[in-house]
Structure formats: C-alpha cells, structure tokens
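Participant: Please find one structure pasted underneath; my questions will follow.
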Amino acid sequence: MKKVRREDIVDYVTYEEQRDAFRSTVLTIKEARRIHLGESLTFLFENTDTMRYQIQEMMRAERIVKETDIQHEIDTYNELLGDSGELGCTLLIEIDDPQERDTKLRQWHNLPEHLYAVLEDGTQVPVTYDPRQVGDEKVSSVQYLKIKTGGRTPVSLGCKHPELSVESPLNTSQKSALTEDLQGDPVPSK
C-alpha cells in the first residue's frame, strides 16, 4: 500500500480551510472499511487517505509545525498501513459499560491470537498484532493489526476465542474497498 508522503501533508492552517470537505470524503472511505464482528468488535481497515486524515487531525489538534515532528507523525501512522499483500487495521473493542468492559478485557486477554480473516478458498489467515498492546492481565481496547493475505481479499473475519466465537462475512462494498487497498490504488487524496 502506498504510504503517506511529506508532500501529501499540508500545514494545519491550510488543512483547517479544507477540513470539512476532506473529512466528508474520508468518512465515506472509512464507512466501507468498517467491519463489525459480533456485538463488541469493530475492525477499521486503514489506507493512505485514512492515515493522512489522522496525521492532519493530529497536526491540527497539537498545532504541530516542526518538520521533525511532522515526519514523526507520518512515520508513526505509516506503520499502521499494510505492506505489499497485507492489510492494516485498527480493532476497537467496544463495550459501553465500564465494569463489563474491564471484565471482558480480562477474559479476552489473548483475543488477538484468535482473530483471523478467511480468504475465498477457505484459508484462515491469522492476524499479527503488537504484543505490547496486551498486558499481563488484560488486552487493550484498541489494537493495531496486520493481515498478510498475499494480496488476496478476505471474504470474512472471525474469532475463535473460547469466550467469543463469531464469524462475519464481508459485503460487496467492503470487499471492493479492501481489494482497492491491496492493489495500492487508494482514492486520490488531493
């Protein structure tokens, strides 16, 4: 997948002038890349445009202007994008009740080890995750994942955790968006 380049990023004042239009475009892009798995798990597949948006929003919020700081943001967010033949996504564990959330995050301590994507031929591809996001007693409610599909588009996502066994098929627009991302042809960002 194409990474965000420095020339893709504008200063926060210029961004502020373009923000509403860019935000509207990115929300549409994100919608096709938002996949729910069961009641509590949401996968947000990232691409160049979604990461550019995150970088611009961070620069806006933090008023970042130094070149080294801008490059740091670019490098950090680019790590979340998949490499060739790979998809990158953010997993949100969404449980509103704080007490229930704490209990589930403890019960699902090793959840990332049980997540997978299913390819058209039925192959289950495990996700890779950053072990630093899993503590000794519980999993973080936000996970950054990669799925090495070899360039093939998943047809469903699943979880085989003893406390949460679920599989969810991708719809046509979701598969199309992920195919586009795997081909490295994101929606033009300018």
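By convention here, the chains of the structure tokens are called A, B, ... in the order presented, each chain's residues are numbered starting at 1, and ligands are numbered starting at 1 in the order presented.
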I need the residues of region 83-161 of chain A that end up classed as strand (DSSP E or B) by DSSP on the backbone, written out as a PyMOL selection string.
Facilitator: chain A and resi 86-93+115-119+124-126+128-129+134+139+142-148+154-161
Participant: Extract, using only C-alpha atoms, all DNA, RNA and protein residues at most 9 Å from Pro169 (chain A), discarding same-chain residues fewer than 6 positions from it, and format them as a short mmCIF file (atom, residue, chain, number, x, y, z; two decimals) with N, CA and C atoms, in the first residue's frame.
Facilitator:
data_model
loop_
_atom_site.label_atom_id
_atom_site.label_comp_id
_atom_site.auth_asym_id
_atom_site.auth_seq_id
_atom_site.Cartn_x
_atom_site.Cartn_y
_atom_site.Cartn_z
N LEU A 37 -17.65 -7.33 13.95
CA LEU A 37 -17.56 -8.75 14.23
C LEU A 37 -18.22 -8.98 15.58
N VAL A 118 -10.76 -14.86 6.54
CA VAL A 118 -10.99 -16.01 5.67
C VAL A 118 -10.90 -15.55 4.23
N PRO A 154 -9.95 -10.72 1.71
CA PRO A 154 -10.74 -11.56 2.61
C PRO A 154 -12.22 -11.54 2.25
N VAL A 155 -12.92 -12.61 2.56
CA VAL A 155 -14.36 -12.68 2.36
C VAL A 155 -15.11 -12.63 3.69
N SER A 156 -14.38 -12.88 4.79
CA SER A 156 -14.99 -12.75 6.11
C SER A 156 -13.89 -12.60 7.16
N LEU A 157 -14.31 -12.17 8.35
CA LEU A 157 -13.43 -12.06 9.50
C LEU A 157 -14.00 -12.93 10.60
N GLY A 158 -13.11 -13.44 11.47
CA GLY A 158 -13.61 -14.30 12.52
C GLY A 158 -12.76 -14.27 13.77
#
Participant: Name the residues of chain A that fall into alpha helix (DSSP H) according to DSSP on the backbone, using the chain letters and numbers of this document, as JSON, numbers by chain.
Facilitator: {"A": [12, 13, 14, 15, 16, 17, 18, 19, 20, 21, 22, 23, 24, 25, 26, 27, 28, 29, 30, 31, 48, 49, 50, 51, 52, 53, 54, 55, 56, 57, 58, 59, 60, 61, 62, 67, 68, 69, 70, 71, 72, 73, 74, 75, 76, 77, 78, 98, 99, 100, 101, 102, 103, 104, 105, 106, 107, 172, 173, 174, 175, 176, 177, 178, 179, 180, 181, 182]}
Participant: Which is closest to Gly88 (chain A) among A:Glu73, A:Glu62, A:Glu46, A:Glu16, if we use only C-alpha atoms?
Facilitator: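 Using only C-alpha atoms, the shortest distance to Gly88 (chain A) belongs to A:Glu46.
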Participant: Select from region 34-91 of chain A every residue with an atom at most 12 Å from any atom of region 110-114 of chain A, then for each give the shortest pair of atoms and their distance in Å to one decimal, using only C-alpha atoms, rows by chain and rising number, as a Markdown table.
Facilitator:
| residue | atom | partner | partner_atom | distance |
| --- | --- | --- | --- | --- |
| A:Leu41 | CA | A:Leu111 | CA | 10.6 |
| A:Thr90 | CA | A:Pro112 | CA | 11.7 |
| A:Leu91 | CA | A:Pro112 | CA | 9.4 |
Participant: Taking only C-alpha atoms into account, which of A:Gln99, A:Arg33, A:Ile9, A:Cys89 comes nearest Met58 (chain A)?
Facilitator: A:Ile9
Participant: Between A:Lys175, A:His161, A:Lys66, A:Lys148, which is the closest to Glu120 (chain A) once you count only C-alpha atoms?
Facilitator: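 Distance minimum relative to Glu120 (chain A) lands on A:Lys175.
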Participant: Distance CA of Glu137 (chain A)-CA of Thr76 (chain A), one decimal place?
Facilitator: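 Going from CA of Glu137 (chain A) over to CA of Thr76 (chain A), I get 26.5 Å.
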Participant: Quick one: residues within 12 Å of Val13 (chain A), only C-alpha atoms counted, chain neighbours fewer than 4 positions away excluded, as a ChimeraX atom specification?
Facilitator: /A:9,17-19,56-57,59-61,63-65
Participant: Contacts of Lys3 (chain A) at 12 Å or less, counting only C-alpha atoms, minus same-chain residues fewer than 5 places along, as a list of chain:residue names?
Facilitator: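 That gives A:Asp8, A:Ile9, A:Glu46, A:Asn47, A:Thr48, A:Asp49, A:Thr50, A:Met51, A:Arg52, A:Ile74, A:Asp75, A:Thr76, A:Tyr77, A:Asn78, A:Glu79, A:Leu80, A:Leu81, A:Gly82, A:Asp83, A:Ser84, A:Gly88, A:Asp181, A:Gly184, A:Asp185, A:Pro186.
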Participant: Store the residues of this selection in a file with C-alpha atoms, as a PDB file, in the first residue's frame.
Facilitator:
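Just written: part.pdb:
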ATOM      1  CA  ASP A   8       0.751  14.795   0.981  1.00  0.00           C
ATOM      2  CA  ILE A   9       0.570  16.798   4.208  1.00  0.00           C
ATOM      3  CA  GLU A  46      -6.786   1.775   7.086  1.00  0.00           C
ATOM      4  CA  ASN A  47      -5.480   3.157   3.817  1.00  0.00           C
ATOM      5  CA  THR A  48      -3.384   6.123   2.706  1.00  0.00           C
ATOM      6  CA  ASP A  49      -6.299   8.541   2.915  1.00  0.00           C
ATOM      7  CA  THR A  50      -7.442   7.469   6.386  1.00  0.00           C
ATOM      8  CA  MET A  51      -3.885   7.782   7.689  1.00  0.00           C
ATOM      9  CA  ARG A  52      -3.416  11.160   6.001  1.00  0.00           C
ATOM     10  CA  ILE A  74       3.963  10.433   9.227  1.00  0.00           C
ATOM     11  CA  ASP A  75       6.322   7.608  10.217  1.00  0.00           C
ATOM     12  CA  THR A  76       4.149   6.575  13.163  1.00  0.00           C
ATOM     13  CA  TYR A  77       0.907   6.410  11.175  1.00  0.00           C
ATOM     14  CA  ASN A  78       2.549   4.761   8.161  1.00  0.00           C
ATOM     15  CA  GLU A  79       3.459   1.836  10.442  1.00  0.00           C
ATOM     16  CA  LEU A  80      -0.261   1.078  10.704  1.00  0.00           C
ATOM     17  CA  LEU A  81      -0.622   0.620   6.944  1.00  0.00           C
ATOM     18  CA  GLY A  82      -0.167  -2.797   5.445  1.00  0.00           C
ATOM     19  CA  ASP A  83       2.870  -3.573   3.350  1.00  0.00           C
ATOM     20  CA  SER A  84       2.635  -5.305  -0.016  1.00  0.00           C
ATOM     21  CA  GLY A  88      -3.556  -2.916   8.255  1.00  0.00           C
ATOM     22  CA  ASP A 181      -6.295  -1.124  -0.849  1.00  0.00           C
ATOM     23  CA  GLY A 184      -2.265   0.008  -3.758  1.00  0.00           C
ATOM     24  CA  ASP A 185      -4.685   2.297  -5.546  1.00  0.00           C
ATOM     25  CA  PRO A 186      -6.245   4.442  -2.816  1.00  0.00           C
TER      26      PRO A 186
END
Participant: Set the distance at 12 Å and use only C-alpha atoms: which residues neighbour region 102-104 of chain A once local chain neighbours fewer than 3 positions away are removed? I'd like the list as a PyMOL selection string.
Facilitator: chain A and resi 40-41+93-99+107-111+137-141+161+163-164
Participant: Between CA of Ile35 (chain A) and CA of Arg132 (chain A), what is the distance, to one decimal in Å?
Facilitator: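 For CA of Ile35 (chain A) relative to CA of Arg132 (chain A), the distance reads 23.9 Å.
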Participant: What is the distance between CA of Gly150 (chain A) and CA of His36 (chain A), in Å to one decimal?
Facilitator: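 If I compute the distance from CA of Gly150 (chain A) to CA of His36 (chain A), I get 22.8 Å.
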Participant: Between A:Thr68, A:Thr42, A:Asp121, A:Thr153, which has the minimum distance to Ser176 (chain A) (counting only C-alpha atoms)?
Facilitator: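 Ranking A:Thr68, A:Thr42, A:Asp121, A:Thr153 by distance to Ser176 (chain A), first place goes to A:Thr153.
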Participant: Tell me which of A:Glu67, A:Val125, A:Cys159, A:Gly85 sits closest to Lys2 (chain A), counting only C-alpha atoms.
Facilitator: A:Gly85
